[in-house]
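Novice: File name coords-v1.txt; file contents compact mmCIF, C-alpha atoms; full text below.
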```txt
# COMPACT_ATOMS: atom_id res chain seq x y z
CA MET A 281 15.70 -136.41 9.13
CA PHE A 282 16.71 -140.08 9.15
CA ASN A 283 14.46 -142.44 7.21
CA GLY A 284 15.66 -146.03 7.70
CA GLN A 285 14.37 -148.81 5.49
CA CYS A 286 11.33 -150.57 6.98
CA SER A 287 12.93 -154.01 6.54
CA MET A 288 15.97 -152.98 8.54
CA ASN A 289 16.47 -153.42 12.27
CA LYS A 290 16.63 -149.87 13.59
CA THR A 291 18.91 -148.72 16.39
CA ASP A 292 20.34 -145.45 17.69
CA LEU A 293 24.01 -146.06 16.92
CA ILE A 294 26.00 -148.51 14.80
CA ILE A 295 29.71 -149.02 15.48
CA ILE A 296 32.01 -150.83 13.05
CA GLY A 297 34.92 -152.39 14.95
CA ALA A 298 35.29 -153.47 18.59
CA GLY A 299 38.82 -152.25 19.28
CA PRO A 300 39.73 -149.65 21.97
CA GLY A 301 37.77 -146.91 20.22
CA GLY A 302 34.80 -149.05 19.22
CA TYR A 303 34.11 -150.76 22.52
CA ARG A 304 34.72 -147.54 24.43
CA ALA A 305 32.18 -145.76 22.20
CA ALA A 306 29.69 -148.59 22.72
CA GLU A 307 30.09 -148.58 26.51
CA TYR A 308 29.86 -144.79 26.78
CA ALA A 309 26.87 -144.51 24.44
CA ALA A 310 25.00 -147.34 26.16
CA ARG A 311 25.63 -145.77 29.56
CA HIS A 312 23.95 -142.63 28.24
CA GLY A 313 20.87 -144.50 27.08
CA LEU A 314 21.59 -145.15 23.41
CA LYS A 315 20.79 -148.49 21.80
CA VAL A 316 24.01 -149.68 20.18
CA VAL A 317 24.86 -152.32 17.59
CA ILE A 318 28.58 -153.05 17.24
CA PHE A 319 30.08 -155.14 14.43
CA GLU A 320 33.31 -157.12 14.80
CA GLY A 321 34.47 -159.75 12.33
CA ALA A 322 37.52 -160.80 14.37
CA GLU A 323 38.23 -160.95 18.10
CA VAL A 324 36.93 -158.10 20.26
CA GLY A 325 39.62 -155.82 21.61
CA GLY A 326 41.13 -154.98 18.24
CA THR A 327 44.80 -154.86 17.29
CA CYS A 328 45.88 -153.33 20.60
CA LEU A 329 44.59 -156.10 22.83
CA ASN A 330 45.08 -159.10 20.55
CA VAL A 331 48.26 -158.47 18.55
CA GLY A 332 49.54 -155.04 19.59
CA CYS A 333 50.00 -153.07 22.80
CA ILE A 334 49.06 -155.75 25.32
CA PRO A 335 50.92 -158.77 23.87
CA THR A 336 53.95 -156.57 23.26
CA LYS A 337 53.96 -155.42 26.89
CA THR A 338 53.86 -159.02 28.13
CA PHE A 339 57.09 -159.47 26.15
CA VAL A 340 58.55 -156.28 27.62
CA HIS A 341 57.88 -157.44 31.16
CA SER A 342 59.00 -161.06 30.76
CA ALA A 343 62.44 -162.47 31.52
CA SER A 344 62.54 -164.92 28.63
CA PHE A 345 60.91 -165.70 25.28
CA ALA A 346 59.22 -168.78 26.73
CA GLU A 347 57.83 -166.83 29.68
CA ALA A 348 56.59 -164.07 27.34
CA ARG A 349 54.63 -166.53 25.21
CA GLU A 350 53.16 -168.16 28.30
CA ARG A 351 52.10 -164.86 29.84
CA MET A 352 50.67 -163.56 26.54
CA ALA A 353 48.54 -166.70 26.27
CA ALA A 354 47.12 -165.98 29.72
CA VAL A 355 46.79 -162.19 29.71
CA VAL A 356 45.17 -161.63 26.30
CA PRO A 357 42.17 -163.97 26.81
CA GLN A 358 41.62 -162.52 30.28
CA LEU A 359 41.42 -158.97 28.95
CA ARG A 360 39.37 -160.08 25.96
CA ALA A 361 36.84 -161.58 28.36
CA GLY A 362 36.68 -158.19 30.07
CA VAL A 363 35.77 -156.52 26.78
CA GLU A 364 33.14 -159.21 26.15
CA GLY A 365 31.71 -158.29 29.54
CA ILE A 366 31.54 -154.61 28.62
CA LEU A 367 29.71 -155.47 25.41
CA SER A 368 27.17 -157.65 27.25
CA ASN A 369 25.32 -154.50 28.36
CA THR A 370 21.61 -154.80 27.62
CA ASN A 371 21.81 -151.68 25.45
CA ILE A 372 24.55 -153.23 23.27
CA THR A 373 24.15 -155.85 20.56
CA LEU A 374 27.40 -157.46 19.40
CA VAL A 375 27.23 -158.72 15.82
CA ARG A 376 30.12 -161.08 15.16
CA GLU A 377 30.68 -160.23 11.53
CA LYS A 378 32.40 -157.56 9.48
CA GLY A 379 30.36 -154.38 9.25
CA VAL A 380 29.64 -153.47 5.62
CA PHE A 381 27.91 -150.28 4.42
CA THR A 382 24.92 -150.60 2.10
CA ASP A 383 24.30 -146.87 2.23
CA ALA A 384 25.04 -143.94 4.52
CA HIS A 385 22.77 -145.21 7.30
CA THR A 386 22.75 -148.96 6.77
CA VAL A 387 25.32 -151.54 7.87
CA GLY A 388 24.49 -155.21 7.44
CA ASP A 389 20.90 -155.76 8.61
CA TYR A 390 20.82 -152.63 10.77
CA SER A 391 20.10 -148.96 10.15
CA ALA A 392 20.78 -145.98 12.41
CA PRO A 393 20.93 -142.17 12.26
CA ASN A 394 24.51 -142.29 13.59
CA ILE A 395 27.40 -144.58 12.69
CA ILE A 396 30.92 -144.69 14.14
CA ILE A 397 33.69 -146.30 12.10
CA ALA A 398 36.48 -147.77 14.22
CA THR A 399 38.16 -150.24 11.88
CA GLY A 400 41.69 -149.45 13.10
CA SER A 401 44.85 -149.92 11.07
CA GLU A 402 47.02 -152.56 9.43
CA THR A 403 50.69 -153.10 8.67
CA LYS A 404 52.18 -150.72 6.10
CA TRP A 405 54.37 -152.97 3.97
CA LEU A 406 57.17 -151.35 1.99
CA PRO A 407 57.23 -152.32 -1.71
CA ILE A 408 60.58 -154.06 -1.34
CA GLU A 409 61.62 -156.83 -3.71
CA GLY A 410 61.52 -160.08 -1.77
CA LYS A 411 59.11 -158.93 0.96
CA ASP A 412 57.13 -162.14 0.35
CA ASP A 413 60.04 -164.20 1.69
CA PRO A 414 58.58 -166.47 4.42
CA ARG A 415 61.15 -165.10 6.87
CA VAL A 416 59.56 -161.63 6.60
CA VAL A 417 56.89 -160.95 9.22
CA ASP A 418 55.02 -158.01 10.68
CA SER A 419 54.54 -157.47 14.43
CA THR A 420 51.70 -160.01 14.52
CA GLY A 421 53.89 -162.63 12.89
CA LEU A 422 56.73 -161.91 15.30
CA LEU A 423 54.45 -162.33 18.31
CA ASN A 424 53.29 -165.67 16.92
CA LEU A 425 56.79 -167.15 16.59
CA GLU A 426 57.17 -170.40 18.47
CA THR A 427 60.96 -170.29 18.73
CA LEU A 428 63.35 -167.44 19.47
CA PRO A 429 65.22 -166.36 16.32
CA LYS A 430 69.00 -166.41 16.62
CA ARG A 431 69.27 -163.47 14.21
CA LEU A 432 66.55 -160.81 13.92
CA CYS A 433 66.69 -157.98 11.40
CA ILE A 434 64.26 -155.11 11.93
CA ILE A 435 63.37 -152.73 9.12
CA GLY A 436 62.31 -149.46 10.74
CA ALA A 437 63.31 -147.73 13.98
CA GLY A 438 59.94 -146.36 14.98
CA VAL A 439 58.01 -147.40 18.08
CA ILE A 440 57.34 -150.98 16.93
CA GLY A 441 60.89 -151.55 15.74
CA MET A 442 62.56 -150.10 18.81
CA GLU A 443 60.36 -151.97 21.29
CA PHE A 444 60.96 -155.32 19.63
CA ALA A 445 64.67 -154.61 19.21
CA SER A 446 64.97 -154.00 22.94
CA VAL A 447 62.92 -157.07 23.88
CA PHE A 448 64.49 -159.61 21.54
CA ARG A 449 68.03 -158.50 22.34
CA ARG A 450 67.25 -159.05 26.01
CA PHE A 451 65.90 -162.51 25.16
CA GLY A 452 69.21 -163.32 23.45
CA SER A 453 68.69 -162.68 19.73
CA GLU A 454 71.30 -160.93 17.61
CA VAL A 455 69.42 -157.79 16.55
CA THR A 456 70.12 -155.49 13.62
CA VAL A 457 67.99 -152.41 12.87
CA ILE A 458 67.91 -150.68 9.49
CA GLU A 459 66.39 -147.19 9.39
CA PHE A 460 66.02 -144.75 6.49
CA LEU A 461 65.94 -141.61 8.66
CA LYS A 462 68.86 -139.95 10.44
CA GLU A 463 67.55 -140.84 13.90
CA CYS A 464 65.15 -143.32 15.48
CA LEU A 465 61.75 -142.43 16.93
CA PRO A 466 61.04 -139.23 14.93
CA ALA A 467 58.22 -138.14 17.27
CA LEU A 468 60.68 -138.05 20.16
CA ASP A 469 63.09 -135.20 20.92
CA SER A 470 66.22 -135.93 18.85
CA ASP A 471 68.54 -135.60 21.87
CA ILE A 472 66.48 -138.10 23.86
CA ALA A 473 66.17 -140.45 20.87
CA LYS A 474 69.92 -140.43 20.23
CA ARG A 475 70.75 -141.13 23.87
CA LEU A 476 68.31 -144.03 23.94
CA ARG A 477 69.71 -145.47 20.71
CA LYS A 478 73.29 -145.21 22.00
CA LEU A 479 72.26 -147.01 25.16
CA MET A 480 70.67 -149.79 23.11
CA GLU A 481 73.86 -150.03 21.05
CA LYS A 482 75.75 -150.69 24.28
CA GLU A 483 73.34 -153.55 24.89
CA GLY A 484 74.50 -155.12 21.61
CA ILE A 485 71.94 -153.91 19.07
CA THR A 486 73.39 -152.89 15.70
CA PHE A 487 71.86 -149.81 14.10
CA ASN A 488 72.27 -148.87 10.43
CA MET A 489 70.89 -145.33 10.19
CA GLN A 490 70.19 -143.41 6.98
CA CYS A 491 70.06 -146.68 5.06
CA GLY A 492 67.46 -147.75 2.52
CA VAL A 493 66.49 -151.41 2.11
CA LYS A 494 66.65 -152.44 -1.54
CA GLN A 495 66.02 -156.16 -1.60
CA ILE A 496 65.39 -159.26 0.50
CA ALA A 497 66.65 -162.59 -0.83
CA ASP A 498 67.04 -165.95 0.92
CA GLY A 499 66.99 -164.40 4.38
CA GLU A 500 69.49 -161.69 3.47
CA VAL A 501 68.56 -157.99 3.61
CA PHE A 502 70.42 -155.76 1.17
CA PHE A 503 70.52 -152.03 1.91
CA GLU A 504 72.20 -148.89 0.62
CA THR A 505 74.16 -146.80 3.11
CA LYS A 506 74.20 -142.99 3.21
CA LYS A 507 77.52 -143.16 1.31
CA GLY A 508 75.87 -145.08 -1.51
CA GLN A 509 77.47 -148.41 -0.70
CA THR A 510 75.50 -151.67 -0.73
CA GLU A 511 75.70 -153.82 2.38
CA SER A 512 73.69 -156.76 3.67
CA VAL A 513 72.77 -158.65 6.83
CA LYS A 514 71.54 -162.22 7.17
CA ALA A 515 68.65 -163.04 9.46
CA ASP A 516 66.44 -165.93 10.48
CA VAL A 517 63.49 -163.56 10.89
CA ILE A 518 62.97 -160.14 9.29
CA LEU A 519 60.49 -157.77 10.94
CA MET A 520 58.79 -155.19 8.75
CA ALA A 521 58.31 -152.38 11.28
CA THR A 522 57.65 -149.52 8.88
CA GLY A 523 54.48 -148.25 10.48
CA ARG A 524 50.77 -148.79 10.06
CA LYS A 525 48.11 -147.42 7.73
CA PRO A 526 44.37 -146.82 8.20
CA ARG A 527 42.23 -149.87 7.49
CA VAL A 528 39.74 -148.62 4.90
CA GLN A 529 37.13 -150.79 3.20
CA SER A 530 35.82 -150.69 -0.35
CA ASP A 531 32.24 -150.49 0.95
CA PHE A 532 33.00 -147.06 2.45
CA ALA A 533 32.19 -145.71 -1.01
CA ASN A 534 28.56 -146.76 -0.47
CA ALA A 535 28.30 -144.27 2.40
CA GLY A 536 29.61 -141.34 0.38
CA PHE A 537 32.09 -139.78 2.83
CA GLU A 538 35.58 -138.62 1.88
CA TYR A 539 38.49 -140.97 2.53
CA ASP A 540 41.94 -141.83 1.24
CA GLU A 541 43.55 -145.28 1.33
CA ARG A 542 46.82 -143.81 2.61
CA LYS A 543 45.63 -140.97 4.87
CA GLY A 544 42.38 -142.54 6.09
CA ILE A 545 38.95 -140.99 6.59
CA ALA A 546 38.65 -137.19 6.63
CA VAL A 547 37.03 -135.90 9.83
CA ASN A 548 36.41 -132.61 11.64
CA GLU A 549 37.09 -131.67 15.27
CA ASN A 550 34.19 -133.87 16.41
CA PHE A 551 35.48 -136.77 14.30
CA GLU A 552 32.48 -136.50 12.02
CA THR A 553 33.11 -137.35 8.38
CA THR A 554 31.98 -135.33 5.38
CA VAL A 555 28.60 -137.12 5.68
CA GLN A 556 26.51 -135.92 8.63
CA GLY A 557 25.93 -138.60 11.24
CA ILE A 558 28.91 -140.75 10.23
CA TYR A 559 32.01 -140.58 12.45
CA ALA A 560 35.49 -142.12 12.21
CA ILE A 561 37.63 -142.61 15.31
CA GLY A 562 41.03 -144.11 16.06
CA ASP A 563 43.65 -145.24 13.58
CA VAL A 564 41.25 -145.22 10.62
CA ASN A 565 41.21 -141.40 10.55
CA GLY A 566 45.02 -141.32 10.60
CA ARG A 567 45.24 -138.43 13.07
CA GLN A 568 46.75 -139.91 16.24
CA MET A 569 47.39 -143.63 15.92
CA LEU A 570 47.32 -144.48 19.61
CA ALA A 571 44.87 -146.65 21.56
CA HIS A 572 44.26 -143.95 24.17
CA ALA A 573 43.63 -141.42 21.41
CA ALA A 574 40.97 -143.74 19.96
CA GLU A 575 39.25 -144.02 23.34
CA MET A 576 39.05 -140.26 23.82
CA GLN A 577 37.95 -139.70 20.22
CA ALA A 578 35.16 -142.18 20.95
CA VAL A 579 34.01 -140.05 23.86
CA ARG A 580 34.06 -136.89 21.73
CA ALA A 581 32.10 -138.51 18.90
CA VAL A 582 29.41 -139.86 21.23
CA ASN A 583 29.25 -136.52 23.04
CA HIS A 584 28.58 -134.82 19.72
CA ILE A 585 25.80 -137.30 18.99
CA LEU A 586 24.33 -136.60 22.44
CA GLY A 587 24.73 -132.84 22.07
CA LYS A 588 27.16 -132.67 25.00
CA LEU A 589 30.20 -130.41 25.20
CA ASP A 590 33.51 -131.61 26.65
CA GLY A 591 36.95 -130.19 27.37
CA ILE A 592 39.12 -132.96 25.87
CA ARG A 593 42.47 -131.56 24.66
CA PHE A 594 43.42 -133.50 21.54
CA ASP A 595 46.33 -131.13 20.99
CA ILE A 596 47.92 -132.60 24.13
CA MET A 597 48.48 -136.29 23.43
CA PRO A 598 51.12 -138.12 25.51
CA ALA A 599 52.82 -141.20 24.09
CA ALA A 600 55.26 -143.82 25.33
CA ILE A 601 57.82 -146.21 23.87
CA PHE A 602 58.37 -149.29 26.02
CA THR A 603 62.00 -149.99 25.34
CA SER A 604 64.41 -150.66 28.22
CA PRO A 605 64.50 -148.08 29.66
CA GLU A 606 61.25 -146.64 28.39
CA ALA A 607 60.78 -143.26 26.73
CA ALA A 608 57.81 -140.90 26.58
CA CYS A 609 56.78 -137.52 25.27
CA VAL A 610 54.04 -134.93 25.26
CA GLY A 611 54.07 -131.70 23.29
CA PRO A 612 56.53 -130.52 20.63
CA THR A 613 60.21 -131.45 20.42
CA GLU A 614 62.98 -128.89 20.90
CA ASP A 615 63.57 -128.84 17.14
CA GLN A 616 59.88 -128.21 16.45
CA LEU A 617 59.77 -125.31 18.91
CA LYS A 618 62.74 -123.74 17.17
CA GLU A 619 61.18 -124.26 13.73
CA GLN A 620 57.96 -122.61 14.93
CA GLY A 621 59.87 -119.64 16.32
CA ILE A 622 58.53 -120.14 19.84
CA ALA A 623 60.64 -118.58 22.60
CA PHE A 624 61.28 -121.28 25.20
CA VAL A 625 63.58 -122.46 27.95
CA CYS A 626 64.70 -126.10 28.17
CA LYS A 627 65.05 -127.42 31.72
CA LYS A 628 66.81 -130.74 32.26
CA SER A 629 66.95 -133.34 34.98
CA PHE A 630 68.83 -136.65 35.19
CA TRP A 631 67.82 -139.98 36.70
CA ARG A 632 71.31 -140.38 38.20
CA ALA A 633 70.58 -137.47 40.57
CA ASN A 634 67.39 -139.07 41.94
CA GLY A 635 67.50 -141.15 45.12
CA LYS A 636 64.71 -143.54 44.13
CA ALA A 637 66.30 -144.17 40.72
CA LEU A 638 69.63 -145.04 42.33
CA ALA A 639 67.91 -147.29 44.87
CA MET A 640 66.19 -149.08 41.96
CA ASN A 641 69.50 -149.38 40.09
CA GLU A 642 67.92 -147.33 37.28
CA SER A 643 70.31 -144.40 37.00
CA GLU A 644 70.11 -144.03 33.19
CA GLY A 645 67.73 -141.31 32.02
CA LEU A 646 67.16 -137.70 31.04
CA LEU A 647 64.10 -135.46 31.21
CA LYS A 648 63.72 -132.29 29.13
CA LEU A 649 60.96 -129.89 30.15
CA PHE A 650 60.11 -127.12 27.70
CA VAL A 651 58.77 -123.90 29.19
CA SER A 652 57.54 -120.72 27.51
CA ALA A 653 60.09 -117.93 27.87
CA ASP A 654 57.26 -115.38 27.89
CA ASP A 655 54.88 -116.59 30.60
CA GLY A 656 56.41 -119.77 32.06
CA LEU A 657 53.67 -122.00 30.63
CA ILE A 658 54.68 -125.67 30.35
CA LEU A 659 54.92 -126.51 26.65
CA GLY A 660 56.05 -130.12 26.66
CA CYS A 661 58.18 -132.89 28.10
CA HIS A 662 60.37 -135.56 26.48
CA ALA A 663 62.20 -138.15 28.56
CA TYR A 664 63.76 -141.58 28.73
CA GLY A 665 64.41 -143.59 31.87
CA ALA A 666 62.60 -145.89 34.28
CA HIS A 667 58.87 -145.00 34.43
CA ALA A 668 59.34 -142.07 32.03
CA ALA A 669 55.76 -142.61 30.86
CA ASP A 670 54.35 -142.01 34.34
CA ILE A 671 56.31 -138.80 34.77
CA THR A 672 55.31 -137.57 31.31
CA GLN A 673 51.67 -138.32 32.12
CA GLU A 674 51.92 -135.92 35.06
CA VAL A 675 53.21 -133.23 32.71
CA SER A 676 50.35 -133.96 30.30
CA VAL A 677 47.83 -133.32 33.08
CA LEU A 678 49.58 -130.07 34.01
CA MET A 679 49.52 -128.94 30.38
CA CYS A 680 45.81 -129.67 30.11
CA LYS A 681 45.28 -127.26 33.02
CA HIS A 682 47.54 -124.54 31.56
CA THR A 683 50.04 -124.87 34.41
CA THR A 684 53.08 -122.60 34.64
CA VAL A 685 56.49 -123.68 35.88
CA SER A 686 56.11 -121.45 38.94
CA GLU A 687 52.84 -123.20 39.82
CA LEU A 688 54.56 -126.56 39.43
CA ALA A 689 57.28 -125.38 41.82
CA ASP A 690 54.62 -124.96 44.52
CA MET A 691 53.36 -128.55 44.17
CA VAL A 692 54.52 -131.13 46.71
CA HIS A 693 56.05 -134.36 45.36
CA ILE A 694 56.41 -137.49 47.49
CA HIS A 695 59.92 -138.41 48.59
CA PRO A 696 61.52 -140.65 47.55
CA THR A 697 59.85 -141.06 44.14
CA LEU A 698 60.86 -140.80 40.51
CA SER A 699 58.35 -137.95 40.18
CA GLU A 700 60.91 -135.77 41.95
CA ILE A 701 62.88 -135.87 38.69
CA LEU A 702 60.28 -133.49 37.28
CA ARG A 703 60.53 -131.15 40.24
CA SER A 704 64.35 -131.24 40.06
CA ALA A 705 64.17 -129.96 36.48
CA ILE A 706 62.76 -126.63 37.62
CA GLU A 707 64.90 -126.09 40.71
```
Would you give me this structure, written as structure tokens?
Specialist:
Amino acid sequence: MFNGQCSMNKTDLIIIGAGPGGYRAAEYAARHGLKVVIFEGAEVGGTCLNVGCIPTKTFVHSASFAEARERMAAVVPQLRAGVEGILSNTNITLVREKGVFTDAHTVGDYSAPNIIIATGSETKWLPIEGKDDPRVVDSTGLLNLETLPKRLCIIGAGVIGMEFASVFRRFGSEVTVIEFLKECLPALDSDIAKRLRKLMEKEGITFNMQCGVKQIADGEVFFETKKGQTESVKADVILMATGRKPRVQSDFANAGFEYDERKGIAVNENFETTVQGIYAIGDVNGRQMLAHAAEMQAVRAVNHILGKLDGIRFDIMPAAIFTSPEAACVGPTEDQLKEQGIAFVCKKSFWRANGKALAMNESEGLLKLFVSADDGLILGCHAYGAHAADITQEVSVLMCKHTTVSELADMVHIHPTLSEILRSAIE
């Protein structure tokens, strides 16, 4: 049984962090009658709203660097105000300071039987000599630039690197990408990833694959090629796009749960830590570092606190990369299916065969639908092309309902729409 200190302000639930997971948990818990205290030492909305997903998408959907900065300055405060509105619920108390554990049930001046940690993530900096060069920035620093760099070098061809490469090349920067792995976007089907990279190369982006960065000096990035040769590229701005890591705090030790600075906080299927009543959702648990994953993990954690069961499928987690054109995926890649020894059939469909795509002048794209060879169950979808994320979302819904390819064949799709690309794959 919970025994809070008498001098503490008692509440039902404490949340540390007001990002997508934190404010969603607060809203959902308050709607179900819980008294909530949520701590946030920075702006509400977290990385995603303030310096991540939302600002990046204003860049993606802007015609110029100047327009992108102007739109970001308008969109972010508007959405932040929306989060402030959510947190103004009478059952929610927003404490504008960093939440720090005193013990397993006490944070700041508040105590509660249940605590949700939603501290998010931070840039994972590679230990490269010269990374402290003022020209080296992370995604936040790149978004805060006041002038468009003539030459941009990006270290890392993951989601962050590829999105910014696409955007800044379109704005007019000379863009060079250096990646250690054989192919970009490792979570994406290798065939889809390669086609997207080749398309971006045609747009003028230089890719140096299977290359390891060794040093940064005076705006010059030195790297070793797969043949062991040393080459370099000069840049006005160097983006460190080598991923993110869970944001853990030293005071976590006061609560007694298990965590690792690299892997994050250990949790079970309900996102409860090794200490009963303490939960960790979103990037800080290192499981699925996506804003929409954090939101659904918030729902699961609060449901567990309330004693409610749900049918959320965390094994089916769609994701998108907003390059031009965009890419998206749900489920395993073709290579992963082969490695796992799963019998499957790969069905393909091309944007160039779709009437709506041609009418939109968006003929570049490929969809790969993976289907079980045994029972026709839809296993996954990887695609690139205009609105690939929307099409992949449809597949995600079908997968959540255990849909077979024959059942999909009986479903009507509006004509003319890009969604017919999915139907064409099975015809």
Novice: Taking (61.5, -158.1, 23.7) in the file's own coordinates, collect the residues within 12 Å, counting only C-alpha atoms, and hand them back as an mmCIF file with C-alpha atoms, in the frame of the given file.
Specialist:
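This went into out_17.cif:
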```
data_model
loop_
_atom_site.group_PDB
_atom_site.id
_atom_site.type_symbol
_atom_site.label_atom_id
_atom_site.label_comp_id
_atom_site.auth_asym_id
_atom_site.auth_seq_id
_atom_site.Cartn_x
_atom_site.Cartn_y
_atom_site.Cartn_z
ATOM 1 C CA PRO A 335 50.920 -158.770 23.870
ATOM 2 C CA THR A 336 53.950 -156.570 23.260
ATOM 3 C CA LYS A 337 53.960 -155.420 26.890
ATOM 4 C CA THR A 338 53.860 -159.020 28.130
ATOM 5 C CA PHE A 339 57.090 -159.470 26.150
ATOM 6 C CA VAL A 340 58.550 -156.280 27.620
ATOM 7 C CA HIS A 341 57.880 -157.440 31.160
ATOM 8 C CA SER A 342 59.000 -161.060 30.760
ATOM 9 C CA ALA A 343 62.440 -162.470 31.520
ATOM 10 C CA SER A 344 62.540 -164.920 28.630
ATOM 11 C CA PHE A 345 60.910 -165.700 25.280
ATOM 12 C CA ALA A 346 59.220 -168.780 26.730
ATOM 13 C CA GLU A 347 57.830 -166.830 29.680
ATOM 14 C CA ALA A 348 56.590 -164.070 27.340
ATOM 15 C CA ARG A 349 54.630 -166.530 25.210
ATOM 16 C CA SER A 419 54.540 -157.470 14.430
ATOM 17 C CA LEU A 422 56.730 -161.910 15.300
ATOM 18 C CA LEU A 423 54.450 -162.330 18.310
ATOM 19 C CA LEU A 428 63.350 -167.440 19.470
ATOM 20 C CA PRO A 429 65.220 -166.360 16.320
ATOM 21 C CA LEU A 432 66.550 -160.810 13.920
ATOM 22 C CA ILE A 440 57.340 -150.980 16.930
ATOM 23 C CA GLY A 441 60.890 -151.550 15.740
ATOM 24 C CA MET A 442 62.560 -150.100 18.810
ATOM 25 C CA GLU A 443 60.360 -151.970 21.290
ATOM 26 C CA PHE A 444 60.960 -155.320 19.630
ATOM 27 C CA ALA A 445 64.670 -154.610 19.210
ATOM 28 C CA SER A 446 64.970 -154.000 22.940
ATOM 29 C CA VAL A 447 62.920 -157.070 23.880
ATOM 30 C CA PHE A 448 64.490 -159.610 21.540
ATOM 31 C CA ARG A 449 68.030 -158.500 22.340
ATOM 32 C CA ARG A 450 67.250 -159.050 26.010
ATOM 33 C CA PHE A 451 65.900 -162.510 25.160
ATOM 34 C CA GLY A 452 69.210 -163.320 23.450
ATOM 35 C CA SER A 453 68.690 -162.680 19.730
ATOM 36 C CA GLU A 454 71.300 -160.930 17.610
ATOM 37 C CA VAL A 455 69.420 -157.790 16.550
ATOM 38 C CA PHE A 602 58.370 -149.290 26.020
ATOM 39 C CA THR A 603 62.000 -149.990 25.340
ATOM 40 C CA SER A 604 64.410 -150.660 28.220
#
```
Novice: One decimal, Å: what's the distance from CA of Val582 in chain A over to CA of Ile294 in chain A, could you say?
Specialist: 11.3 Å
Novice: Pull the closest atom pair for each residue of range 398-502 of chain A that gets at most 10 Å from range 652-675 of chain A, along with the distance in Å to one decimal, counting all atoms listed in the file, ordering rows by chain and then ascending residue number, as a tab-separated table.
Specialist:
```
residue	atom	partner	partner_atom	distance
A:Ala467	CA	A:His662	CA	9.8
A:Leu468	CA	A:His662	CA	6.8
A:Asp469	CA	A:His662	CA	6.2
A:Ser470	CA	A:His662	CA	9.6
A:Asp471	CA	A:His662	CA	9.4
A:Ile472	CA	A:Ala663	CA	6.4
A:Ala473	CA	A:Tyr664	CA	8.3
A:Arg475	CA	A:Tyr664	CA	8.5
A:Leu476	CA	A:Tyr664	CA	7.0
```
Novice: Hey, which of A:Glu606, A:Glu307, A:Glu575, A:Glu619 ends up closest to Leu367 in chain A? Count all atoms listed in the file.
Specialist: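 Smallest distance to Leu367 in chain A is found for A:Glu307.
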Novice: Suppose you want the space between CA of Phe502 in chain A and CA of Arg527 in chain A; what is it in Å?
Specialist: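 Atom-to-atom, CA of Phe502 in chain A to CA of Arg527 in chain A, that is 29.5 Å.
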Novice: Distance CA of Ala384 in chain A-CA of Thr370 in chain A, one decimal place?
Specialist: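 Answer for the CA of Ala384 in chain A to CA of Thr370 in chain A separation: 25.8 Å.
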Novice: Which one of A:Ile706, A:Leu678, A:Glu549, A:Leu570 sits closest to Phe630 in chain A if you count all atoms listed in the file?
Specialist: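 So, comparing all the options, the nearest one is A:Ile706.
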Novice: For Ala639 in chain A, which of A:Pro696, A:Gly302, A:Gly365, A:Pro598 is the closest residue, counting all atoms listed in the file?
Specialist: A:Pro696
Novice: I need the residue nearest Pro605 in chain A from this list: A:Asn641, A:Gln529, A:Ser629, A:Ser368. Use all atoms listed in the file for the distance.
Specialist: A:Asn641
Novice: Skipping near chain neighbours, those fewer than 6 positions away, what residues fall within 12 Å of Asn583 in chain A using all atoms listed in the file, listed as a list in words?
Specialist: Ala305, Tyr308, Ala309, Arg311, His312, Leu314, Asn550, Phe551, Glu552, Tyr559, Met576, Gln577, Leu589, Asp590, Gly591 and Ile592 of chain A
